[in-house]
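Everything below belongs to run20.pdb, which stores PDB, C-alpha atoms.
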```
ATOM      1  CA  MET A 256       8.330 -20.205 -31.595
ATOM      2  CA  SER A 257      10.140 -17.388 -33.381
ATOM      3  CA  GLN A 258      13.149 -15.678 -31.829
ATOM      4  CA  ALA A 259      11.132 -12.427 -31.428
ATOM      5  CA  THR A 260       8.302 -14.298 -29.650
ATOM      6  CA  ALA A 261      10.802 -16.027 -27.370
ATOM      7  CA  LEU A 262      12.452 -12.691 -26.580
ATOM      8  CA  ARG A 263       9.087 -11.092 -25.713
ATOM      9  CA  ALA A 264       8.206 -14.065 -23.488
ATOM     10  CA  GLU A 265      11.596 -13.809 -21.787
ATOM     11  CA  GLU A 266      11.147 -10.036 -21.283
ATOM     12  CA  LYS A 267       7.631 -10.570 -19.933
ATOM     13  CA  GLY A 268       8.939 -13.194 -17.505
ATOM     14  CA  ALA A 269      11.631 -10.784 -16.320
ATOM     15  CA  GLN A 270       9.049  -8.059 -15.813
ATOM     16  CA  THR A 271       6.979 -10.140 -13.425
ATOM     17  CA  GLU A 272       9.849 -11.069 -11.097
ATOM     18  CA  ARG A 273       9.803  -7.675  -9.345
ATOM     19  CA  MET A 274       6.907  -5.550  -8.179
ATOM     20  CA  LEU A 275       6.791  -1.998  -6.856
ATOM     21  CA  ILE A 276       3.646  -0.785  -5.132
ATOM     22  CA  ILE A 277       3.455   2.977  -4.652
ATOM     23  CA  LEU A 278       0.929   3.886  -1.986
ATOM     24  CA  SER A 279      -0.125   7.535  -1.996
ATOM     25  CA  LYS A 280      -3.340   7.078  -0.007
ATOM     26  CA  GLY A 281      -3.601   6.387   3.710
ATOM     27  CA  SER A 282      -7.172   5.185   4.044
ATOM     28  CA  MET A 283      -8.156   1.691   5.130
ATOM     29  CA  ASP A 284      -9.750   0.910   1.767
ATOM     30  CA  MET A 285      -6.494   1.729  -0.045
ATOM     31  CA  VAL A 286      -3.991   0.196   2.374
ATOM     32  CA  TYR A 287      -5.651  -3.226   2.560
ATOM     33  CA  PRO A 288      -5.538  -3.832  -1.221
ATOM     34  CA  ALA A 289      -1.907  -2.684  -1.389
ATOM     35  CA  LEU A 290      -0.926  -5.078   1.400
ATOM     36  CA  MET A 291      -2.956  -7.930  -0.094
ATOM     37  CA  ILE A 292      -1.244  -7.487  -3.451
ATOM     38  CA  ALA A 293       2.186  -7.221  -1.798
ATOM     39  CA  THR A 294       1.790 -10.318   0.366
ATOM     40  CA  THR A 295       0.296 -12.343  -2.481
ATOM     41  CA  ALA A 296       3.127 -11.378  -4.857
ATOM     42  CA  ALA A 297       5.732 -12.174  -2.186
ATOM     43  CA  THR A 298       4.081 -15.555  -1.573
ATOM     44  CA  MET A 299       4.414 -16.212  -5.297
ATOM     45  CA  GLY A 300       8.162 -15.607  -5.019
ATOM     46  CA  LYS A 301       8.316 -12.077  -6.395
ATOM     47  CA  GLU A 302      10.653  -9.395  -5.074
ATOM     48  CA  VAL A 303       8.231  -6.809  -3.684
ATOM     49  CA  HIS A 304       8.870  -3.199  -2.689
ATOM     50  CA  MET A 305       6.286  -0.808  -1.245
ATOM     51  CA  PHE A 306       6.890   2.955  -1.385
ATOM     52  CA  PHE A 307       4.796   5.157   0.916
ATOM     53  CA  THR A 308       4.394   8.736  -0.244
ATOM     54  CA  PHE A 309       2.129  11.688   0.570
ATOM     55  CA  TRP A 310      -0.990  10.459   2.419
ATOM     56  CA  GLY A 311       0.248   6.888   2.110
ATOM     57  CA  LEU A 312       2.749   7.788   4.824
ATOM     58  CA  GLN A 313      -0.179   7.636   7.290
ATOM     59  CA  ALA A 314      -0.295   3.886   6.683
ATOM     60  CA  VAL A 315       3.165   3.493   8.222
ATOM     61  CA  SER A 316       2.822   6.043  11.007
ATOM     62  CA  LYS A 317       2.963   4.511  14.506
ATOM     63  CA  LYS A 318       0.233   6.948  15.499
ATOM     64  CA  SER A 319      -2.300   5.994  12.815
ATOM     65  CA  VAL A 320      -1.442   2.516  11.475
ATOM     66  CA  GLY A 321      -4.005   0.793  13.702
ATOM     67  CA  SER A 322      -6.763   3.353  13.240
ATOM     68  CA  LEU A 323      -6.994   4.135   9.534
ATOM     69  CA  LYS A 324     -10.363   5.414   8.324
ATOM     70  CA  VAL A 325     -12.584   5.027   5.265
ATOM     71  CA  SER A 326     -13.783   8.270   3.727
ATOM     72  CA  PRO A 327     -17.262   8.154   2.233
ATOM     73  CA  VAL A 328     -16.671  11.477   0.416
ATOM     74  CA  GLY A 329     -15.541  10.965  -3.170
ATOM     75  CA  ASN A 330     -15.654   7.202  -2.777
ATOM     76  CA  PRO A 331     -17.928   5.901  -5.540
ATOM     77  CA  GLY A 332     -17.927   2.386  -4.088
ATOM     78  CA  MET A 333     -19.743   3.441  -0.918
ATOM     79  CA  PRO A 334     -23.370   2.286  -0.725
ATOM     80  CA  MET A 335     -24.672   5.812  -0.107
ATOM     81  CA  PRO A 336     -24.992   9.018  -2.101
ATOM     82  CA  ASN A 337     -21.733  10.967  -2.075
ATOM     83  CA  ILE A 338     -23.356  14.064  -0.552
ATOM     84  CA  LEU A 339     -24.211  12.094   2.609
ATOM     85  CA  GLY A 340     -20.504  11.573   3.219
ATOM     86  CA  MET A 341     -20.207  15.207   4.278
ATOM     87  CA  ILE A 342     -22.525  14.761   7.250
ATOM     88  CA  PRO A 343     -20.620  14.676  10.551
ATOM     89  CA  GLY A 344     -20.096  11.124  11.766
ATOM     90  CA  MET A 345     -20.294   9.502   8.329
ATOM     91  CA  THR A 346     -16.555   8.732   8.188
ATOM     92  CA  ALA A 347     -16.826   6.941  11.536
ATOM     93  CA  MET A 348     -19.877   5.046  10.307
ATOM     94  CA  ALA A 349     -18.195   4.048   7.021
ATOM     95  CA  THR A 350     -15.068   2.967   8.908
ATOM     96  CA  LYS A 351     -17.097   0.901  11.367
ATOM     97  CA  MET A 352     -19.043  -0.695   8.518
ATOM     98  CA  MET A 353     -15.864  -1.599   6.610
ATOM     99  CA  GLY A 354     -14.160  -2.789   9.802
ATOM    100  CA  GLY A 355     -17.084  -5.131  10.450
ATOM    101  CA  LYS A 356     -16.814  -6.603   6.961
ATOM    102  CA  ILE A 357     -13.063  -7.073   7.400
ATOM    103  CA  ARG A 358     -13.530  -8.845  10.753
ATOM    104  CA  LYS A 359     -16.294 -11.018   9.289
ATOM    105  CA  ALA A 360     -13.949 -12.037   6.469
ATOM    106  CA  LYS A 361     -11.325 -12.802   9.159
ATOM    107  CA  LEU A 362      -8.671 -10.621   7.546
ATOM    108  CA  PRO A 363      -5.673  -9.734   9.693
ATOM    109  CA  SER A 364      -5.419  -6.172  11.008
ATOM    110  CA  ILE A 365      -3.317  -3.692   9.044
ATOM    111  CA  PRO A 366      -0.476  -3.834  11.636
ATOM    112  CA  ASP A 367      -0.559  -7.644  11.369
ATOM    113  CA  MET A 368      -0.543  -7.401   7.563
ATOM    114  CA  PHE A 369       2.633  -5.294   7.758
ATOM    115  CA  LYS A 370       4.270  -7.923   9.978
ATOM    116  CA  MET A 371       3.175 -10.639   7.545
ATOM    117  CA  ALA A 372       4.571  -8.639   4.621
ATOM    118  CA  LYS A 373       7.929  -8.295   6.374
ATOM    119  CA  ASP A 374       7.989 -12.017   7.195
ATOM    120  CA  LEU A 375       7.460 -12.699   3.483
ATOM    121  CA  GLY A 376      10.374 -10.436   2.527
ATOM    122  CA  VAL A 377       8.453  -7.367   1.323
ATOM    123  CA  LYS A 378      10.650  -4.256   1.536
ATOM    124  CA  LEU A 379       8.963  -1.119   2.889
ATOM    125  CA  HIS A 380      10.279   2.316   1.918
ATOM    126  CA  ALA A 381       9.130   5.720   3.156
ATOM    127  CA  CYS A 382       9.422   8.773   0.887
ATOM    128  CA  SER A 383      12.114  11.159   2.104
ATOM    129  CA  THR A 384      10.632  14.193   0.339
ATOM    130  CA  THR A 385       7.169  13.586   1.767
ATOM    131  CA  MET A 386       8.649  13.167   5.239
ATOM    132  CA  GLU A 387      10.429  16.495   4.875
ATOM    133  CA  VAL A 388       7.328  18.285   3.532
ATOM    134  CA  MET A 389       5.062  16.834   6.232
ATOM    135  CA  GLY A 390       7.619  17.237   9.031
ATOM    136  CA  THR A 391       7.550  13.500   9.749
ATOM    137  CA  PRO A 392      10.499  12.216  11.785
ATOM    138  CA  ARG A 393      11.822   8.690  11.109
ATOM    139  CA  GLU A 394      11.064   7.707  14.705
ATOM    140  CA  SER A 395       7.341   8.208  14.090
ATOM    141  CA  LEU A 396       7.240   5.391  11.510
ATOM    142  CA  ILE A 397       6.507   1.742  12.243
ATOM    143  CA  ASP A 398       9.490  -0.498  12.903
ATOM    144  CA  GLU A 399       8.787  -2.518   9.762
ATOM    145  CA  ILE A 400       9.982   0.351   7.523
ATOM    146  CA  ASP A 401      13.283  -0.721   5.929
ATOM    147  CA  ASP A 402      14.488   2.709   4.905
ATOM    148  CA  VAL A 403      13.718   6.244   3.837
ATOM    149  CA  VAL A 404      14.424   6.871   0.150
ATOM    150  CA  GLY A 405      13.796   9.451  -2.539
ATOM    151  CA  ALA A 406      11.994   9.218  -5.850
ATOM    152  CA  ALA A 407      15.119   8.253  -7.800
ATOM    153  CA  THR A 408      15.656   5.199  -5.608
ATOM    154  CA  MET A 409      11.969   4.344  -5.861
ATOM    155  CA  VAL A 410      12.145   4.479  -9.667
ATOM    156  CA  SER A 411      15.195   2.189  -9.671
ATOM    157  CA  LEU A 412      13.415  -0.279  -7.357
ATOM    158  CA  GLY A 413      10.656  -0.636  -9.937
ATOM    159  CA  GLU A 414      12.970  -0.869 -12.924
ATOM    160  CA  GLY A 415      12.387  -3.987 -14.980
ATOM    161  CA  GLY A 416       9.258  -4.993 -13.109
ATOM    162  CA  GLU A 417       5.630  -4.216 -12.552
ATOM    163  CA  THR A 418       4.590  -0.944 -10.881
ATOM    164  CA  ILE A 419       1.233  -0.450  -9.214
ATOM    165  CA  PHE A 420       0.170   3.032  -8.086
ATOM    166  CA  ILE A 421      -2.522   3.267  -5.428
TER     167      ILE A 421
END
```
Just give me the structure as structure tokens.
Amino acid sequence: MSQATALRAEEKGAQTERMLIILSKGSMDMVYPALMIATTAATMGKEVHMFFTFWGLQAVSKKSVGSLKVSPVGNPGMPMPNILGMIPGMTAMATKMMGGKIRKAKLPSIPDMFKMAKDLGVKLHACSTTMEVMGTPRESLIDEIDDVVGAATMVSLGEGGETIFI
């Protein structure tokens, strides 16, 4: 193996040791994948950070963490025409349908997934700017949140690793 190939392999290895997941969406169908990726990466020994910004802050709100919804509007994966998503009651129906599939697959609840993530060493960070814009006090966030940080800290947490934006 050439020195350049070895260097690239070494750099690639270094890049996969840390993972930053930026969650900007607060719907059930966005939070589950983020938590699945985070817990899987942590199980594989990676240093994992999750950064909750804009609507992703709903995922870590004490008020909504256990009752996140699935929006059928603008969701191309839903098994119905998009226009039907605007009918009253369709969000509840889509959420119930997805919830049933999640229970059938025996996945843990989102609050339980957060506890699992913390047990695996995943670090959870709330966006300070979003909290200020939305008027969200620290006390309204789940206990699993490690800290409230800004974008500069978030960027440094992802430095040298993989970044996933959801």
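When all atoms listed in the file are used to compute distances to Lys378 (chain A), the closest of the residues A:Ile400, A:Val325, A:Leu362, A:Val315 turns out to be A:Ile400.
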Please provide as number ranges by chain all residues within 6 Å of region 404-409 of chain A, with the sequence filter that same-chain residues fewer than 3 positions apart are discarded (counting all atoms listed in the file). A: 382-383, 412
Quick one: everything within 6 Å of region 298-303 of chain A, counting only C-alpha atoms, minus sequence neighbours fewer than 5 positions away in the same chain. Send it as an mmCIF file with C-alpha atoms, keeping the file's coordinate frame.
```cif
data_model
loop_
_atom_site.group_PDB
_atom_site.id
_atom_site.type_symbol
_atom_site.label_atom_id
_atom_site.label_comp_id
_atom_site.auth_asym_id
_atom_site.auth_seq_id
_atom_site.Cartn_x
_atom_site.Cartn_y
_atom_site.Cartn_z
ATOM 1 C CA GLU A 272 9.849 -11.069 -11.097
ATOM 2 C CA ARG A 273 9.803 -7.675 -9.345
ATOM 3 C CA MET A 274 6.907 -5.550 -8.179
ATOM 4 C CA LEU A 275 6.791 -1.998 -6.856
ATOM 5 C CA VAL A 377 8.453 -7.367 1.323
#
```
List as a list in words the protein and nucleic acid residues near Lys317 (chain A), meaning an atom at most 9 Å away when all atoms listed in the file are counted, but skip any in the same chain fewer than 2 places from it. Gln313, Ala314, Val315, Ser319, Val320, Gly321, Glu394, Ser395, Leu396, Ile397 and Asp398 of chain A
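For the pair CA of Gly413 (chain A) and CA of Gly390 (chain A), the interatomic distance is 26.2 Å.
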